[in-house]
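Student: Sharing data_32.cif below, mmCIF, C-alpha atoms and all ligand atoms:
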```cif
data_entry
loop_
_atom_site.label_atom_id
_atom_site.label_comp_id
_atom_site.auth_asym_id
_atom_site.auth_seq_id
_atom_site.Cartn_x
_atom_site.Cartn_y
_atom_site.Cartn_z
CA MET A 1 -10.26 1.86 -27.45
CA ARG A 2 -9.20 -1.71 -28.28
CA THR A 3 -5.60 -2.61 -27.51
CA LEU A 4 -3.69 -5.79 -28.26
CA LEU A 5 -0.47 -6.76 -26.51
CA THR A 6 1.34 -9.33 -28.62
CA GLY A 7 4.34 -11.63 -28.39
CA GLY A 8 5.00 -11.38 -24.65
CA THR A 9 5.37 -14.11 -22.05
CA ILE A 10 2.18 -13.77 -20.01
CA LEU A 11 2.50 -14.26 -16.27
CA THR A 12 -1.15 -14.33 -15.27
CA CYS A 13 -0.57 -14.40 -11.48
CA GLU A 14 -3.81 -16.33 -11.11
CA GLU A 15 -3.89 -19.06 -8.48
CA GLY A 16 -1.17 -21.45 -9.71
CA MET A 17 0.79 -18.71 -11.53
CA ARG A 18 0.01 -19.75 -15.13
CA VAL A 19 2.60 -18.80 -17.77
CA LEU A 20 1.72 -18.44 -21.48
CA PRO A 21 4.71 -18.04 -23.80
CA ALA A 22 4.34 -15.75 -26.84
CA ALA A 23 0.68 -15.03 -26.11
CA ILE A 24 -1.66 -12.06 -26.33
CA VAL A 25 -3.70 -9.87 -24.01
CA ALA A 26 -6.70 -8.25 -25.70
CA ILE A 27 -8.22 -5.17 -24.08
CA ASP A 28 -11.53 -3.50 -24.90
CA GLY A 29 -11.95 -0.18 -23.12
CA ALA A 30 -10.96 -0.68 -19.49
CA GLU A 31 -11.36 -4.44 -19.52
CA ILE A 32 -9.32 -7.50 -20.43
CA VAL A 33 -11.29 -9.58 -22.93
CA ALA A 34 -8.76 -12.34 -23.72
CA VAL A 35 -5.52 -13.83 -22.40
CA GLN A 36 -4.58 -16.64 -24.77
CA PRO A 37 -2.14 -17.84 -27.45
CA HIS A 38 -3.81 -15.99 -30.36
CA PRO A 39 -6.02 -12.89 -30.79
CA PRO A 40 -9.76 -13.56 -30.57
CA GLU A 41 -11.44 -13.92 -33.96
CA GLY A 42 -12.76 -10.60 -35.21
CA PHE A 43 -10.90 -8.53 -32.61
CA ALA A 44 -9.81 -5.35 -34.40
CA PRO A 45 -7.30 -3.46 -32.25
CA GLU A 46 -6.77 0.27 -32.64
CA THR A 47 -3.42 0.00 -30.85
CA ILE A 48 -0.92 -2.86 -30.91
CA ILE A 49 1.87 -3.00 -28.34
CA ASP A 50 4.68 -5.36 -29.32
CA CYS A 51 5.76 -7.19 -26.17
CA SER A 52 8.34 -9.50 -27.77
CA GLY A 53 11.14 -10.13 -25.31
CA CYS A 54 8.94 -8.96 -22.44
CA VAL A 55 6.96 -10.40 -19.56
CA VAL A 56 3.38 -9.13 -19.30
CA MET A 57 1.97 -9.38 -15.79
CA PRO A 58 -0.71 -7.72 -13.67
CA GLY A 59 0.14 -4.34 -12.21
CA MET A 60 1.19 -4.90 -8.61
CA VAL A 61 -0.85 -3.89 -5.57
CA ASN A 62 0.94 -2.02 -2.78
CA SER A 63 -1.33 -2.90 0.12
CA HIS A 64 0.12 -0.40 2.62
CA VAL A 65 1.71 2.94 1.80
CA HIS A 66 1.64 6.61 2.79
CA LEU A 67 2.30 8.50 -0.43
CA GLY A 68 2.18 11.89 1.31
CA GLU A 69 4.78 10.82 3.86
CA HIS A 70 7.42 11.14 1.14
CA LEU A 71 7.68 14.66 2.54
CA LEU A 72 9.46 13.35 5.60
CA LYS A 73 11.76 10.99 3.73
CA GLY A 74 15.28 11.66 4.86
CA VAL A 75 14.35 13.46 8.06
CA LEU A 76 12.54 10.70 9.92
CA GLU A 77 14.52 7.74 8.70
CA THR A 78 17.41 7.74 11.10
CA ILE A 79 15.78 8.15 14.50
CA ASP A 80 14.55 5.46 16.86
CA PHE A 81 11.26 4.14 15.56
CA GLU A 82 9.42 3.60 18.85
CA GLU A 83 10.37 7.09 20.04
CA LEU A 84 9.35 8.55 16.70
CA PHE A 85 5.65 8.45 17.40
CA TYR A 86 5.92 10.23 20.68
CA SER A 87 8.65 12.73 20.06
CA LYS A 88 8.44 13.73 16.41
CA LEU A 89 6.00 12.19 14.01
CA PHE A 90 2.62 13.57 15.01
CA ALA A 91 3.96 17.01 15.88
CA TRP A 92 5.69 17.23 12.52
CA GLU A 93 2.67 15.93 10.65
CA SER A 94 0.61 18.77 12.09
CA HIS A 95 2.61 21.13 9.85
CA LEU A 96 1.63 19.32 6.66
CA THR A 97 -0.76 21.04 4.29
CA ALA A 98 -2.98 19.67 1.56
CA GLU A 99 -0.77 21.36 -1.02
CA VAL A 100 2.49 19.70 0.03
CA ILE A 101 0.83 16.32 0.54
CA GLY A 102 -0.64 16.56 -2.95
CA ARG A 103 2.78 17.25 -4.42
CA ALA A 104 4.42 14.44 -2.46
CA SER A 105 1.61 12.06 -3.45
CA THR A 106 2.03 12.94 -7.12
CA VAL A 107 5.74 12.14 -7.07
CA ALA A 108 5.21 8.95 -5.04
CA ALA A 109 2.40 7.81 -7.35
CA LEU A 110 4.54 8.40 -10.45
CA GLU A 111 7.37 6.45 -8.86
CA SER A 112 4.95 3.66 -7.89
CA LEU A 113 3.86 3.33 -11.53
CA ARG A 114 7.49 3.28 -12.63
CA CYS A 115 8.02 0.37 -10.20
CA GLY A 116 5.18 -1.64 -11.75
CA VAL A 117 2.58 -0.81 -9.10
CA THR A 118 -0.85 0.10 -10.47
CA THR A 119 -2.87 0.03 -7.22
CA VAL A 120 -1.95 1.54 -3.85
CA ALA A 121 -3.73 1.34 -0.51
CA ASP A 122 -2.93 4.66 1.13
CA MET A 123 -3.82 6.15 4.51
CA TYR A 124 -2.66 9.61 5.49
CA HIS A 125 -3.65 13.16 6.29
CA HIS A 126 -5.37 15.48 3.78
CA ALA A 127 -6.58 12.43 1.83
CA GLU A 128 -8.31 14.63 -0.73
CA ALA A 129 -4.91 15.91 -1.89
CA THR A 130 -3.79 12.31 -2.45
CA ALA A 131 -7.03 11.60 -4.31
CA ARG A 132 -6.30 14.54 -6.63
CA ALA A 133 -2.81 13.09 -7.26
CA VAL A 134 -4.44 9.77 -8.15
CA GLU A 135 -6.71 11.59 -10.61
CA LEU A 136 -3.69 13.25 -12.24
CA THR A 137 -1.30 10.31 -12.40
CA GLY A 138 -3.79 7.66 -13.50
CA ILE A 139 -2.94 5.13 -10.77
CA ARG A 140 -5.67 3.16 -8.93
CA ALA A 141 -6.00 3.65 -5.17
CA VAL A 142 -7.83 2.72 -2.02
CA ILE A 143 -7.56 5.83 0.14
CA GLY A 144 -8.38 6.54 3.77
CA GLN A 145 -8.08 9.73 5.78
CA LYS A 146 -6.09 8.96 8.94
CA ILE A 147 -8.02 9.12 12.21
CA LEU A 148 -6.38 9.62 15.62
CA GLY A 149 -7.86 9.81 19.09
CA PHE A 150 -6.15 13.11 19.93
CA PRO A 151 -5.28 16.42 18.29
CA LEU A 152 -2.36 16.01 15.91
CA SER A 153 -0.77 19.26 17.01
CA ASP A 154 -0.84 18.36 20.70
CA PRO A 155 -0.75 14.58 21.03
CA LEU A 156 0.87 14.03 24.43
CA GLN A 157 -0.26 14.58 27.99
CA THR A 158 2.07 17.05 29.66
CA GLY A 159 3.82 15.88 32.78
CA ALA A 160 2.49 12.34 32.45
CA GLY A 161 5.90 10.86 31.70
CA GLY A 162 6.35 7.95 29.34
CA ASN A 163 4.14 7.59 26.36
CA ALA A 164 0.67 8.83 27.20
CA PHE A 165 -1.58 10.29 24.52
CA ARG A 166 -3.95 13.16 25.25
CA PHE A 167 -7.15 11.41 24.15
CA ASP A 168 -9.78 13.96 23.24
CA ALA A 169 -13.35 13.10 22.25
CA GLY A 170 -13.86 16.33 20.31
CA ALA A 171 -10.67 15.97 18.29
CA PHE A 172 -11.57 12.37 17.46
CA LYS A 173 -15.11 13.23 16.39
CA ASP A 174 -13.84 15.98 14.10
CA GLN A 175 -11.34 13.60 12.50
CA LEU A 176 -13.93 10.83 12.11
CA ALA A 177 -16.36 13.27 10.50
CA ALA A 178 -13.67 14.47 8.08
CA ALA A 179 -12.73 10.87 7.21
CA CYS A 180 -16.36 9.91 6.59
CA GLU A 181 -16.92 13.02 4.49
CA PHE A 182 -13.87 12.16 2.40
CA ALA A 183 -15.05 8.56 2.02
CA ASP A 184 -18.54 9.59 0.92
CA ARG A 185 -17.25 12.17 -1.56
CA TRP A 186 -14.50 10.10 -3.16
CA HIS A 187 -15.80 6.53 -3.30
CA ARG A 188 -15.68 5.54 -6.99
CA GLY A 189 -13.92 8.84 -7.77
CA ALA A 190 -11.29 9.38 -10.50
CA GLU A 191 -13.47 7.56 -13.05
CA GLY A 192 -13.92 4.67 -10.63
CA ARG A 193 -10.23 4.18 -9.84
CA ILE A 194 -10.62 5.35 -6.25
CA THR A 195 -12.27 3.29 -3.55
CA VAL A 196 -12.09 4.32 0.06
CA SER A 197 -11.28 3.01 3.49
CA LEU A 198 -11.78 4.25 7.00
CA SER A 199 -8.37 4.43 8.59
CA PRO A 200 -7.95 4.62 12.35
CA HIS A 201 -4.22 4.95 12.94
CA ALA A 202 -3.58 2.02 15.32
CA THR A 203 -4.91 0.16 18.36
CA ASN A 204 -3.02 2.34 20.87
CA THR A 205 -3.69 5.74 19.33
CA LEU A 206 -7.47 5.58 19.71
CA GLU A 207 -9.57 4.58 22.70
CA PRO A 208 -11.83 1.50 22.43
CA TRP A 209 -15.03 3.52 22.10
CA MET A 210 -13.43 5.46 19.25
CA LEU A 211 -12.48 2.24 17.42
CA ALA A 212 -16.07 1.05 17.94
CA ARG A 213 -17.40 4.26 16.33
CA VAL A 214 -15.10 3.72 13.33
CA ALA A 215 -16.40 0.14 13.08
CA GLU A 216 -20.00 1.44 12.99
CA GLU A 217 -19.24 3.91 10.20
CA ALA A 218 -17.33 1.27 8.21
CA GLN A 219 -20.17 -1.20 8.64
CA ARG A 220 -22.66 1.40 7.40
CA ARG A 221 -20.61 1.91 4.23
CA SER A 222 -19.37 -1.71 3.86
CA SER A 223 -15.96 -0.11 3.56
CA LEU A 224 -12.48 -1.44 4.15
CA VAL A 225 -10.81 -0.53 7.45
CA HIS A 226 -7.12 0.01 6.74
CA MET A 227 -5.03 0.53 9.86
CA HIS A 228 -1.79 -0.32 11.62
CA LEU A 229 -1.88 -3.31 13.95
CA ALA A 230 0.70 -4.44 16.52
CA GLN A 231 3.48 -2.66 14.69
CA MET A 232 5.73 -2.24 17.70
CA GLN A 233 6.24 -3.50 21.21
CA ALA A 234 4.96 -0.24 22.74
CA GLU A 235 1.62 -0.64 20.95
CA ARG A 236 1.05 -4.12 22.33
CA ASP A 237 2.24 -3.13 25.81
CA GLU A 238 0.05 -0.03 25.96
CA VAL A 239 -3.03 -1.89 24.78
CA PHE A 240 -2.43 -4.67 27.27
CA SER A 241 -1.75 -2.36 30.21
CA ARG A 242 -4.76 -0.15 29.48
CA HIS A 243 -7.31 -2.80 28.48
CA GLY A 244 -5.88 -6.19 29.47
CA LEU A 245 -6.18 -7.32 25.85
CA GLY A 246 -3.98 -8.15 22.90
CA CYS A 247 -4.24 -5.84 19.89
CA VAL A 248 -6.31 -8.32 17.86
CA ASP A 249 -8.53 -9.00 20.88
CA LEU A 250 -9.18 -5.26 21.10
CA LEU A 251 -10.26 -5.19 17.45
CA ALA A 252 -12.61 -8.10 18.14
CA GLU A 253 -14.06 -6.26 21.17
CA THR A 254 -14.65 -3.09 19.17
CA GLY A 255 -16.23 -4.67 16.09
CA LEU A 256 -13.31 -4.18 13.69
CA LEU A 257 -12.29 -7.81 13.28
CA ASN A 258 -13.91 -8.99 10.04
CA ASP A 259 -13.20 -9.60 6.36
CA ARG A 260 -13.06 -5.85 5.65
CA LEU A 261 -10.03 -5.37 7.92
CA LEU A 262 -6.64 -4.63 6.30
CA ALA A 263 -4.14 -4.72 9.16
CA ALA A 264 -0.67 -3.44 8.36
CA HIS A 265 2.26 -5.19 10.09
CA SER A 266 0.65 -7.48 12.72
CA ILE A 267 4.00 -8.31 14.31
CA PHE A 268 3.34 -8.37 18.05
CA VAL A 269 0.46 -10.82 17.97
CA SER A 270 0.09 -14.22 19.59
CA ASP A 271 -0.58 -17.44 17.72
CA ARG A 272 -4.11 -17.36 19.09
CA GLU A 273 -4.60 -13.85 17.70
CA LEU A 274 -3.32 -14.95 14.30
CA SER A 275 -5.91 -17.71 14.30
CA LEU A 276 -8.55 -15.05 15.05
CA LEU A 277 -7.35 -12.96 12.08
CA ALA A 278 -7.61 -16.04 9.85
CA GLU A 279 -10.98 -17.13 11.22
CA HIS A 280 -12.48 -13.68 10.53
CA ARG A 281 -10.87 -13.50 7.07
CA ALA A 282 -9.00 -10.30 7.96
CA ALA A 283 -5.98 -9.45 5.79
CA VAL A 284 -2.46 -8.47 6.76
CA ALA A 285 -0.36 -5.99 4.77
CA HIS A 286 3.18 -7.27 5.24
CA ASN A 287 5.89 -4.61 5.04
CA PRO A 288 9.19 -6.47 5.29
CA ILE A 289 11.51 -3.58 4.43
CA ALA A 290 9.88 -1.09 6.78
CA ASN A 291 9.76 -3.62 9.63
CA ALA A 292 13.41 -4.55 9.25
CA LYS A 293 14.59 -1.00 8.70
CA ASP A 294 12.54 0.76 11.37
CA GLY A 295 12.75 -1.69 14.19
CA GLY A 296 14.87 -4.66 13.17
CA LEU A 297 11.59 -6.55 13.18
CA VAL A 298 10.36 -9.60 11.29
CA ALA A 299 6.64 -10.35 11.05
CA PRO A 300 5.58 -13.91 12.04
CA ILE A 301 4.95 -14.94 8.46
CA ALA A 302 5.38 -18.69 9.03
CA SER A 303 2.64 -18.62 11.69
CA MET A 304 0.44 -16.45 9.47
CA LEU A 305 0.78 -18.95 6.63
CA ALA A 306 0.16 -21.89 8.99
CA HIS A 307 -3.07 -20.27 10.19
CA GLY A 308 -4.16 -19.28 6.68
CA VAL A 309 -4.07 -15.51 7.22
CA ARG A 310 -4.60 -13.58 3.98
CA ILE A 311 -1.43 -11.62 3.10
CA GLY A 312 -0.69 -8.68 0.80
CA LEU A 313 2.62 -6.90 0.41
CA GLY A 314 3.29 -3.25 1.24
CA THR A 315 6.13 -0.76 1.44
CA ASP A 316 4.86 1.59 4.19
CA ALA A 317 6.46 5.02 4.57
CA PHE A 318 9.23 6.53 2.41
CA HIS A 319 9.38 3.58 -0.03
CA VAL A 320 7.19 2.61 -2.98
CA ASN A 321 9.34 -0.01 -4.73
CA LEU A 322 7.23 -3.15 -4.41
CA LEU A 323 9.61 -5.16 -6.63
CA GLU A 324 12.22 -4.58 -3.95
CA ALA A 325 9.76 -5.49 -1.20
CA ALA A 326 8.89 -8.77 -2.95
CA ARG A 327 12.56 -9.68 -3.32
CA PHE A 328 13.38 -8.65 0.24
CA SER A 329 10.43 -10.62 1.68
CA ALA A 330 11.73 -13.85 0.16
CA PHE A 331 15.31 -13.29 1.30
CA LEU A 332 14.40 -11.97 4.76
CA HIS A 333 12.24 -14.92 5.73
CA ARG A 334 14.64 -17.48 4.28
CA ALA A 335 17.43 -15.96 6.36
CA HIS A 336 15.22 -15.65 9.43
CA HIS A 337 14.21 -19.32 9.28
CA GLY A 338 17.50 -20.63 7.91
CA ASP A 339 15.50 -22.28 5.15
CA PRO A 340 16.42 -21.61 1.48
CA HIS A 341 13.11 -23.09 0.35
CA PHE A 342 10.87 -20.85 2.49
CA ILE A 343 8.97 -18.08 0.62
CA THR A 344 9.44 -18.88 -3.04
CA ALA A 345 9.57 -16.24 -5.75
CA GLU A 346 6.03 -17.26 -6.75
CA GLN A 347 4.83 -16.79 -3.16
CA ALA A 348 6.36 -13.32 -2.93
CA LEU A 349 4.94 -12.35 -6.33
CA SER A 350 1.48 -13.62 -5.39
CA TRP A 351 1.52 -11.36 -2.29
CA ALA A 352 2.40 -8.42 -4.55
CA THR A 353 -0.41 -9.18 -7.01
CA LEU A 354 -3.51 -11.29 -6.32
CA GLY A 355 -2.79 -11.48 -2.58
CA GLY A 356 -2.64 -7.70 -2.41
CA ALA A 357 -5.79 -7.33 -4.49
CA ARG A 358 -7.64 -9.64 -2.09
CA ALA A 359 -6.24 -7.79 0.90
CA VAL A 360 -7.54 -4.42 -0.33
CA GLY A 361 -10.89 -5.82 -1.47
CA LEU A 362 -10.30 -5.46 -5.23
CA GLU A 363 -9.75 -9.09 -6.24
CA ARG A 364 -12.69 -9.03 -8.65
CA SER A 365 -11.07 -6.19 -10.58
CA VAL A 366 -7.28 -6.46 -10.39
CA GLY A 367 -4.34 -8.61 -9.23
CA SER A 368 -4.31 -11.15 -12.09
CA LEU A 369 -4.65 -11.19 -15.86
CA GLU A 370 -8.03 -12.75 -16.59
CA PRO A 371 -10.85 -11.88 -18.99
CA GLY A 372 -13.39 -9.69 -17.21
CA LYS A 373 -10.84 -7.99 -14.98
CA LYS A 374 -9.62 -4.41 -15.34
CA ALA A 375 -6.78 -3.93 -17.79
CA ASP A 376 -4.21 -2.99 -15.13
CA LEU A 377 -0.96 -4.51 -16.28
CA VAL A 378 2.74 -3.94 -16.69
CA VAL A 379 5.21 -4.99 -19.35
CA ILE A 380 8.74 -5.81 -18.19
CA ASP A 381 11.63 -5.68 -20.66
CA MET A 382 13.36 -9.02 -20.13
CA THR A 383 16.11 -8.18 -22.64
CA ALA A 384 17.69 -5.78 -20.13
CA LEU A 385 21.23 -6.61 -19.05
CA ASN A 386 20.17 -7.31 -15.46
CA LEU A 387 17.51 -9.80 -16.59
CA VAL A 388 19.19 -11.95 -19.24
CA PRO A 389 19.23 -14.89 -19.35
CA TRP A 390 16.03 -16.16 -17.73
CA THR A 391 13.87 -19.25 -17.78
CA ASP A 392 11.38 -18.89 -14.92
CA ALA A 393 9.45 -15.64 -15.40
CA ALA A 394 8.32 -15.28 -11.76
CA ALA A 395 11.81 -15.99 -10.40
CA ALA A 396 13.44 -13.59 -12.87
CA VAL A 397 11.06 -10.77 -11.96
CA VAL A 398 11.31 -11.27 -8.20
CA TYR A 399 15.07 -11.90 -8.02
CA HIS A 400 16.31 -9.45 -10.63
CA ALA A 401 13.79 -6.90 -11.98
CA GLU A 402 14.30 -3.21 -11.26
CA PRO A 403 11.95 -0.27 -11.81
CA GLY A 404 13.89 0.71 -14.94
CA ASN A 405 12.80 -2.58 -16.54
CA VAL A 406 9.11 -1.57 -16.49
CA LYS A 407 8.52 -0.58 -20.10
CA TRP A 408 4.76 -0.15 -20.22
CA GLY A 409 2.08 0.33 -17.60
CA LEU A 410 -1.66 0.37 -18.19
CA VAL A 411 -4.47 1.18 -15.78
CA ASP A 412 -8.07 0.71 -16.92
CA GLY A 413 -6.66 0.03 -20.38
CA ARG A 414 -5.06 3.48 -20.50
CA VAL A 415 -1.31 3.76 -21.02
CA VAL A 416 0.21 5.49 -17.99
CA VAL A 417 3.84 4.38 -18.48
CA GLU A 418 5.28 4.38 -21.99
CA GLU A 419 8.85 3.23 -22.70
CA GLY A 420 9.58 3.64 -18.98
CA GLY A 421 8.35 7.25 -18.79
CA SER A 422 5.19 8.80 -17.42
CA ARG A 423 2.45 9.37 -19.96
CA THR A 424 0.23 11.36 -17.57
CA VAL A 425 2.28 13.87 -15.55
CA ASP A 426 5.62 15.49 -16.38
CA PRO A 427 7.95 14.01 -13.75
CA VAL A 428 10.45 16.87 -14.01
CA ALA A 429 7.79 19.47 -13.20
CA ALA A 430 6.36 17.23 -10.48
CA ARG A 431 9.77 16.89 -8.85
CA ARG A 432 10.43 20.63 -9.09
CA GLU A 433 7.12 21.49 -7.43
CA PHE A 434 7.62 18.80 -4.80
CA THR A 435 11.13 19.88 -3.82
CA ALA A 436 10.08 23.55 -3.68
CA ALA A 437 7.15 22.64 -1.42
CA THR A 438 9.38 20.45 0.74
CA GLU A 439 11.98 23.18 1.21
CA GLU A 440 9.27 25.63 2.24
CA LEU A 441 7.80 23.09 4.67
CA TRP A 442 11.14 22.11 6.15
CA SER A 443 12.11 25.71 6.74
CA ARG A 444 8.75 26.29 8.47
CA MET A 445 9.42 23.23 10.64
CA GLY A 446 12.98 24.28 11.44
CA ILE A 447 14.55 21.29 9.66
CA SER A 448 17.90 22.07 8.10
CA GLY A 449 19.23 20.66 4.86
CA GLY A 450 18.18 20.89 1.24
CA ALA A 451 15.20 18.92 -0.03
CA ARG A 452 16.92 17.90 -3.21
ZN ZN B 1 2.18 2.67 7.85
#
```
Represent the supplied structure as structure tokens.
Ligand SMILES: [Zn+2]

Tutor:
Amino acid sequence: MRTLLTGGTILTCEEGMRVLPAAIVAIDGAEIVAVQPHPPEGFAPETIIDCSGCVVMPGMVNSHVHLGEHLLKGVLETIDFEELFYSKLFAWESHLTAEVIGRASTVAALESLRCGVTTVADMYHHAEATARAVELTGIRAVIGQKILGFPLSDPLQTGAGGNAFRFDAGAFKDQLAAACEFADRWHRGAEGRITVSLSPHATNTLEPWMLARVAEEAQRRSSLVHMHLAQMQAERDEVFSRHGLGCVDLLAETGLLNDRLLAAHSIFVSDRELSLLAEHRAAVAHNPIANAKDGGLVAPIASMLAHGVRIGLGTDAFHVNLLEAARFSAFLHRAHHGDPHFITAEQALSWATLGGARAVGLERSVGSLEPGKKADLVVIDMTALNLVPWTDAAAAVVYHAEPGNVKWGLVDGRVVVEEGGSRTVDPVAARREFTAATEELWSRMGISGGAR
């Protein structure tokens, strides 16, 4: 299938953020073959998409999300974040089934596409159910099955007081085996749209020897390691009190600190540790909304930039709107530093596109509009009331665009969003199945309230 997008303002999101007014994107099969003022000579499209009045840009990359955790949206959003891990989260997650996670992942993937996201880096339980949702919805994903150092259903030591996990070698080995089996079965799945990661949960929820085992398995597969890092004070304190190390130091000790590491958050890290992340070409998934909302926290972005740490943008749990995350990242850090010139719209957009692609290891395929890359792109209707008038495409998208402005979305050259609606899965049926599954789950977990 040859497709030609005509008449749009092309925001390539390459290094330097090139803009081509009234230009074309030519697609042959799954690949971009031209991004230029006029169609290539002899190119005979079977489909023409008129993008007049629109911005055409690469589909965004959400570099840290838990699609399946949409199930707990609403019920886990108002309690203290640091307590959450020890009192609620793991115990509640033990009730989740592949069926409900699949339904949540389908809805969250559809919503991601509607927000202009065409690639997600996901780590959660029952990863196969999320992979099936990726197959159905047509999104691209890097997926890891979450690995913990203790049984999910019984995470805490009884009578220990404080926050002490019940580390269990057998439970860890079972989870590692399941994660490796998932990775081996699904790498290059969904017609090549799925790549895989190994995903230990965090530095304080596994013991050092467990992290070292994950590093060995990741090394064997050359796979990404996507995990949480120094997300909260308790994580840093526990790691330091148990091992006398910072969280990044622990990753270095256990063989996880390298250019295949995607570390979500990275808030409670020293300047020296940030220089280690940069030196080893590890990437950080920055989740400004989740950090601010869950803990009133702000990641040390200025230090990360000063050290040259690679940065992608994520939404983390309960959210998938990366447009909102890009906007919030610019405003948050300007306010935090009292500097209206810090984090430009272009900077925020680059984290959401090429920066994210680099962070998840897919920069050769996605993240910018260039010949030879996958045809993963979105078309934003710039004639919408909330977007007129505009002059600077990147600034207009970051400061003003909403999910409803995403008119078209293509992944691998295939239309997945058409005139703002899903072309792959019926969203009404998906929502109905999801809410029914959620109500059943919540009643089993003793949570009151309707899922709608
Ligand atoms: Zn997370």

Student: Skipping near chain neighbours, those fewer than 2 positions away, what residues fall within 8 Å of Leu274 in chain A using all atoms listed in the file, listed as a PyMOL selection string?

Tutor: chain A and resi 269-272+276-278+303-304+307+309

Student: Taking only C-alpha atoms and all ligand atoms into account, which residues are within 9 Å of ligand ZN 1 (chain B), as a list in words?

Tutor: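 Based on only C-alpha atoms and all ligand atoms, ligand ZN 1 (chain B) is surrounded within 9 Å by His64, Val65, His66, Asp122, Met123, Tyr124, His201, Met227, His228, Gln231, Ala264, His265, Asn287, Ala290, Gly314, Thr315, Asp316 and Ala317 of chain A.
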
Student: Measuring between all atoms listed in the file, which one of A:Pro371, A:Thr97, A:Gln145, A:Ala109 shows the shortest distance to Pro40 in chain A?

Tutor: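 Looking at the shortest contact to Pro40 in chain A, the residue is A:Pro371.
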
Student: Starting from the point (-18.8, 1.3, 10.3), work out which residues of protein, DNA or RNA have an atom no more than 12 Å away when counting only C-alpha atoms; state them as an MDAnalysis selection string.

Tutor: chainID A and resid 176 179:180 183 197:200 210:225 254:258 260:261

Student: Please identify all polymer residues within 12 Å of Gly192 in chain A, counting only C-alpha atoms, omitting same-chain residues fewer than 4 positions from it, and present them as a ChimeraX atom specification.

Tutor: /A:30,131,134-135,138-142,186-188,196,365,374,411-412

Student: Around the point (4.4, -18.4, -21.5) (coordinates from the file), which residues reach within 9 Å if we count only C-alpha atoms? Answer as number ranges by chain.

Tutor: A: 8-11, 18-23, 37, 55, 393

Student: Residues within 10 Å of Ala127 in chain A, please, as a VMD selection string. Count only C-alpha atoms; anything in the same chain fewer than 6 positions from it doesn't count.

Tutor: chain A and resid 67 to 68 98 101 to 102 105 133 143 to 146 178 to 179 182 to 183 186 196

Student: Between CA of Thr6 in chain A and CA of Ile24 in chain A, measure the distance and give it in Å to one decimal.

Tutor: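 Going from CA of Thr6 in chain A over to CA of Ile24 in chain A, I get 4.7 Å.
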
Student: Identify which of the residues A:Asp376, A:Glu191, A:Leu5, A:Leu71 lies closest to Glu439 in chain A, counting only C-alpha atoms when measuring atom-to-atom distances.

Tutor: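 Using only C-alpha atoms, the shortest distance to Glu439 in chain A belongs to A:Leu71.
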
Student: Could you tell me which of A:His286, A:Arg432, A:Lys407, A:Arg236 comes closest to Asn62 in chain A if we count only C-alpha atoms?

Tutor: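 Of all the options, A:His286 lies closest to Asn62 in chain A.
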
Student: Can you work out which one of A:Glu235, A:Glu324, A:Glu93, A:Glu46 has the shortest atom-to-atom distance to Met445 in chain A, counting only C-alpha atoms?

Tutor: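 Comparing A:Glu235, A:Glu324, A:Glu93, A:Glu46 against Met445 in chain A, the winner is A:Glu93.
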
Student: Which one of A:Ala429, A:Ile267, A:Ile27, A:Gly53 sits closest to Trp390 in chain A if you count all atoms listed in the file?

Tutor: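 Closest to Trp390 in chain A, using all atoms listed in the file: A:Gly53.
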
Student: Just to confirm, what's the straight-line distance from CA of Gly420 in chain A to CA of Pro403 in chain A in Å (one decimal)?

Tutor: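 Atom-to-atom, CA of Gly420 in chain A and CA of Pro403 in chain A are spaced 8.5 Å apart.
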
Student: Name the residues in contact with range 350-361 of chain A at a cut-off of 10 Å, using all atoms listed in the file, excluding same-chain residues fewer than 3 positions from it; report them as a ChimeraX atom specification.

Tutor: /A:12-17,57-64,117-121,141-142,195-197,223-226,259-263,281-286,310-314,322-323,325-326,329,344-347,364-369,394

Student: Just the number, please: distance in Å from CA of Trp408 in chain A to CA of Val379 in chain A, one decimal.

Tutor: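 Straight-line distance from CA of Trp408 in chain A to CA of Val379 in chain A works out to 4.9 Å.
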
Student: Restricting the calculation to only C-alpha atoms, which member of A:Arg242, A:Arg103, A:Arg423, A:Arg132 is positioned closest to Arg193 in chain A?

Tutor: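 Using only C-alpha atoms, the shortest distance to Arg193 in chain A belongs to A:Arg132.
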